[in-house]
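Worksheet for the structure shown next.
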Amino acid sequence: MALIPFGLSAGDRVLVDTNPLIYVLEGHPLAGRFVDLLDAIQVGKLIGVLTPITVAEVLAGPLRVGDVALMERYRLTLGDQGPFQTLMLDAEMAVLAARLRIQHRLKLPDAFQLAAAVLSGCDALITHDRDFSGVSAIPIVGLDAG
């Protein structure tokens with residue numbers, strides 16, 4: 001039975017940033033912080049949302065080392081047939097990302113992640129990226145995990 005971590009509630013919609021996915025998929029020492037989260041998404045207790053930015057960043061690792069088979073497995077895991085919904089980036093999101101980038105001094109990919117979470121009605125953004133620590137537009141969870 002999957003536990004729902006980080007004080008989230010059943011049915012919450014969460015945007016998952018790149019680093020928690022990479023930690024779990026690649027067996028990183030910090031993977032344990034996010035396993036329950038991904039399990040809860042897998043069994044439908046949470047609604048997992050990704051952006052194309054996350055998908056591209058996750059796929060870059062296997063491609064960097066020439067492991068096309070692993071890249072394809074990751075792509076299937078993260079694709080529309082898996083437990084995640086992948087959002088489309090659009091002009092409205094770009095405008096909000098620009099504003100959030102300036103307001104919070106975020107890198108552009110992080111600003112898009114935040115804008116996507118806000119505009120898609122997510123209850124939280126799941127990350128281990130300290131650049132989000134000053135953000136108040138949406139609950140940021142996972143920074144102090146473990």
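Within each chain, counting starts at residue 1; across the structure tokens, chains are named A, B, ... in the order shown, with ligands numbered 1 upward in that order.
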Which residues of region 111-135 of chain A sit at most 12 Å from region 35-38 of chain A, using only C-alpha atoms? Give each one's shortest atom pair and distance in Å (one decimal place), in chain and ascending residue order, as CSV.
residue,atom,partner,partner_atom,distance
A:Leu125,CA,A:Leu37,CA,11.8
A:Ile126,CA,A:Leu37,CA,9.0
A:Thr127,CA,A:Leu37,CA,11.1
Could you please take those selected residues and save C-alpha atoms as a PDB file, in the first residue's frame?
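Here's the written file again.pdb:
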ATOM      1  CA  LEU A 125       5.483  21.233  -6.741  1.00  0.00           C
ATOM      2  CA  ILE A 126       7.716  18.319  -5.739  1.00  0.00           C
ATOM      3  CA  THR A 127      11.416  19.061  -5.978  1.00  0.00           C
TER       4      THR A 127
END
Residues within 10 Å of Thr54 (chain A), please, as a short mmCIF file (atom, residue, chain, number, x, y, z; two decimals) with C-alpha atoms, in the first residue's frame. Count only C-alpha atoms; anything in the same chain fewer than 5 positions from it doesn't count.
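around17.cif was written with the following content:
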data_model
loop_
_atom_site.label_atom_id
_atom_site.label_comp_id
_atom_site.auth_asym_id
_atom_site.auth_seq_id
_atom_site.Cartn_x
_atom_site.Cartn_y
_atom_site.Cartn_z
CA LEU A 15 3.97 18.62 -10.52
CA VAL A 16 7.09 16.50 -10.16
CA ASP A 17 10.34 18.31 -10.94
CA THR A 18 13.22 16.54 -12.63
CA ASN A 19 15.49 15.70 -9.71
CA LEU A 21 12.49 11.36 -10.88
CA ILE A 22 16.18 11.07 -11.68
CA VAL A 49 2.06 16.02 -13.63
CA LEU A 59 15.92 11.39 -21.10
CA ALA A 60 19.17 13.34 -21.51
CA LEU A 78 7.04 9.07 -18.30
CA THR A 86 2.45 15.72 -19.44
CA PRO A 109 13.48 25.86 -16.83
CA ASP A 110 12.61 26.23 -13.13
CA GLN A 113 8.11 24.30 -13.94
#
message = Going by DSSP on the backbone, which residues of chain A come out as helix (DSSP H, G or I)? List them as a VMD selection string.
response = chain A and resid 18 to 25 31 to 33 35 to 42 52 to 64 68 to 78 91 to 104 108 to 119 130 to 132
Output file for the selection above: C-alpha atoms, as a PDB file, in the first residue's frame:
ATOM      1  CA  THR A  18      13.224  16.544 -12.631  1.00  0.00           C
ATOM      2  CA  ASN A  19      15.494  15.695  -9.714  1.00  0.00           C
ATOM      3  CA  PRO A  20      13.096  13.427  -7.745  1.00  0.00           C
ATOM      4  CA  LEU A  21      12.485  11.364 -10.883  1.00  0.00           C
ATOM      5  CA  ILE A  22      16.182  11.070 -11.676  1.00  0.00           C
ATOM      6  CA  TYR A  23      16.940  10.107  -8.067  1.00  0.00           C
ATOM      7  CA  VAL A  24      14.472   7.212  -8.170  1.00  0.00           C
ATOM      8  CA  LEU A  25      15.081   6.054 -11.747  1.00  0.00           C
ATOM      9  CA  ALA A  31      15.971   8.188  -3.979  1.00  0.00           C
ATOM     10  CA  GLY A  32      14.390   7.052  -0.721  1.00  0.00           C
ATOM     11  CA  ARG A  33      13.078  10.547  -0.136  1.00  0.00           C
ATOM     12  CA  VAL A  35       9.923   6.570  -3.562  1.00  0.00           C
ATOM     13  CA  ASP A  36       6.637   6.832  -1.618  1.00  0.00           C
ATOM     14  CA  LEU A  37       5.635   9.833  -3.724  1.00  0.00           C
ATOM     15  CA  LEU A  38       6.181   8.021  -7.008  1.00  0.00           C
ATOM     16  CA  ASP A  39       4.476   4.901  -5.643  1.00  0.00           C
ATOM     17  CA  ALA A  40       1.433   7.020  -4.674  1.00  0.00           C
ATOM     18  CA  ILE A  41       1.316   8.421  -8.220  1.00  0.00           C
ATOM     19  CA  GLN A  42       1.732   4.945  -9.709  1.00  0.00           C
ATOM     20  CA  PRO A  52       8.218  18.455 -21.432  1.00  0.00           C
ATOM     21  CA  ILE A  53      11.193  20.079 -19.684  1.00  0.00           C
ATOM     22  CA  THR A  54      11.260  17.278 -17.109  1.00  0.00           C
ATOM     23  CA  VAL A  55      10.844  14.597 -19.749  1.00  0.00           C
ATOM     24  CA  ALA A  56      13.737  16.035 -21.796  1.00  0.00           C
ATOM     25  CA  GLU A  57      15.995  16.389 -18.757  1.00  0.00           C
ATOM     26  CA  VAL A  58      15.327  12.813 -17.609  1.00  0.00           C
ATOM     27  CA  LEU A  59      15.916  11.390 -21.102  1.00  0.00           C
ATOM     28  CA  ALA A  60      19.168  13.335 -21.514  1.00  0.00           C
ATOM     29  CA  GLY A  61      21.010  11.148 -18.976  1.00  0.00           C
ATOM     30  CA  PRO A  62      20.671   7.864 -20.868  1.00  0.00           C
ATOM     31  CA  LEU A  63      21.264   9.602 -24.196  1.00  0.00           C
ATOM     32  CA  ARG A  64      24.436  11.236 -22.852  1.00  0.00           C
ATOM     33  CA  VAL A  68      19.013   4.342 -26.199  1.00  0.00           C
ATOM     34  CA  ALA A  69      17.244   1.297 -24.712  1.00  0.00           C
ATOM     35  CA  LEU A  70      17.237   2.897 -21.252  1.00  0.00           C
ATOM     36  CA  MET A  71      16.050   6.171 -22.749  1.00  0.00           C
ATOM     37  CA  GLU A  72      13.121   4.316 -24.348  1.00  0.00           C
ATOM     38  CA  ARG A  73      12.222   2.651 -21.025  1.00  0.00           C
ATOM     39  CA  TYR A  74      12.258   6.041 -19.305  1.00  0.00           C
ATOM     40  CA  ARG A  75      10.187   7.535 -22.134  1.00  0.00           C
ATOM     41  CA  LEU A  76       7.555   4.835 -21.725  1.00  0.00           C
ATOM     42  CA  THR A  77       7.524   5.319 -17.952  1.00  0.00           C
ATOM     43  CA  LEU A  78       7.043   9.071 -18.302  1.00  0.00           C
ATOM     44  CA  ALA A  91       2.288  31.405 -24.473  1.00  0.00           C
ATOM     45  CA  GLU A  92       0.360  32.040 -21.252  1.00  0.00           C
ATOM     46  CA  MET A  93       2.817  29.818 -19.407  1.00  0.00           C
ATOM     47  CA  ALA A  94       5.744  31.660 -21.006  1.00  0.00           C
ATOM     48  CA  VAL A  95       4.460  35.014 -19.754  1.00  0.00           C
ATOM     49  CA  LEU A  96       3.987  33.704 -16.222  1.00  0.00           C
ATOM     50  CA  ALA A  97       7.385  31.964 -16.352  1.00  0.00           C
ATOM     51  CA  ALA A  98       9.024  35.267 -17.291  1.00  0.00           C
ATOM     52  CA  ARG A  99       7.351  37.000 -14.353  1.00  0.00           C
ATOM     53  CA  LEU A 100       8.241  34.223 -11.916  1.00  0.00           C
ATOM     54  CA  ARG A 101      11.805  34.096 -13.215  1.00  0.00           C
ATOM     55  CA  ILE A 102      12.285  37.779 -12.376  1.00  0.00           C
ATOM     56  CA  GLN A 103      10.330  37.661  -9.111  1.00  0.00           C
ATOM     57  CA  HIS A 104      12.150  34.621  -7.692  1.00  0.00           C
ATOM     58  CA  LEU A 108      14.221  29.622 -17.010  1.00  0.00           C
ATOM     59  CA  PRO A 109      13.480  25.856 -16.827  1.00  0.00           C
ATOM     60  CA  ASP A 110      12.606  26.232 -13.133  1.00  0.00           C
ATOM     61  CA  ALA A 111      10.382  29.222 -13.883  1.00  0.00           C
ATOM     62  CA  PHE A 112       8.522  27.130 -16.469  1.00  0.00           C
ATOM     63  CA  GLN A 113       8.108  24.304 -13.941  1.00  0.00           C
ATOM     64  CA  LEU A 114       6.621  26.723 -11.432  1.00  0.00           C
ATOM     65  CA  ALA A 115       4.379  28.413 -14.011  1.00  0.00           C
ATOM     66  CA  ALA A 116       3.130  25.020 -15.189  1.00  0.00           C
ATOM     67  CA  ALA A 117       2.302  23.966 -11.635  1.00  0.00           C
ATOM     68  CA  VAL A 118       0.429  27.190 -10.928  1.00  0.00           C
ATOM     69  CA  LEU A 119      -1.511  27.346 -14.199  1.00  0.00           C
ATOM     70  CA  ARG A 130      16.873  24.630  -3.394  1.00  0.00           C
ATOM     71  CA  ASP A 131      16.299  27.372  -5.985  1.00  0.00           C
ATOM     72  CA  PHE A 132      12.586  26.989  -5.192  1.00  0.00           C
TER      73      PHE A 132
END
Å distance separating CA of Gly121 (chain A) from CA of Arg13 (chain A), one decimal place = 7.4 Å
Separation of CA of Asp12 (chain A) from CA of His28 (chain A), in Å and rounded to one decimal = 25.7 Å
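Using only C-alpha atoms, the nearest neighbour of Ile47 (chain A) within the list A:Asp90, A:Asp123, A:Asp144, A:Asp129 is A:Asp123.
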request  = Could you please write out, as number ranges by chain, every residue of region 16-130 of chain A that DSSP assigns to strand (DSSP E or B)?
outcome  = A: 16, 47-50, 84-86, 124-126
Distance criterion (only C-alpha atoms): nearest to Ala10 (chain A) out of A:Val141, A:Gly48, A:Phe34, A:Glu26 =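 Residue with the minimum atom-to-atom distance to Ala10 (chain A): A:Gly48.
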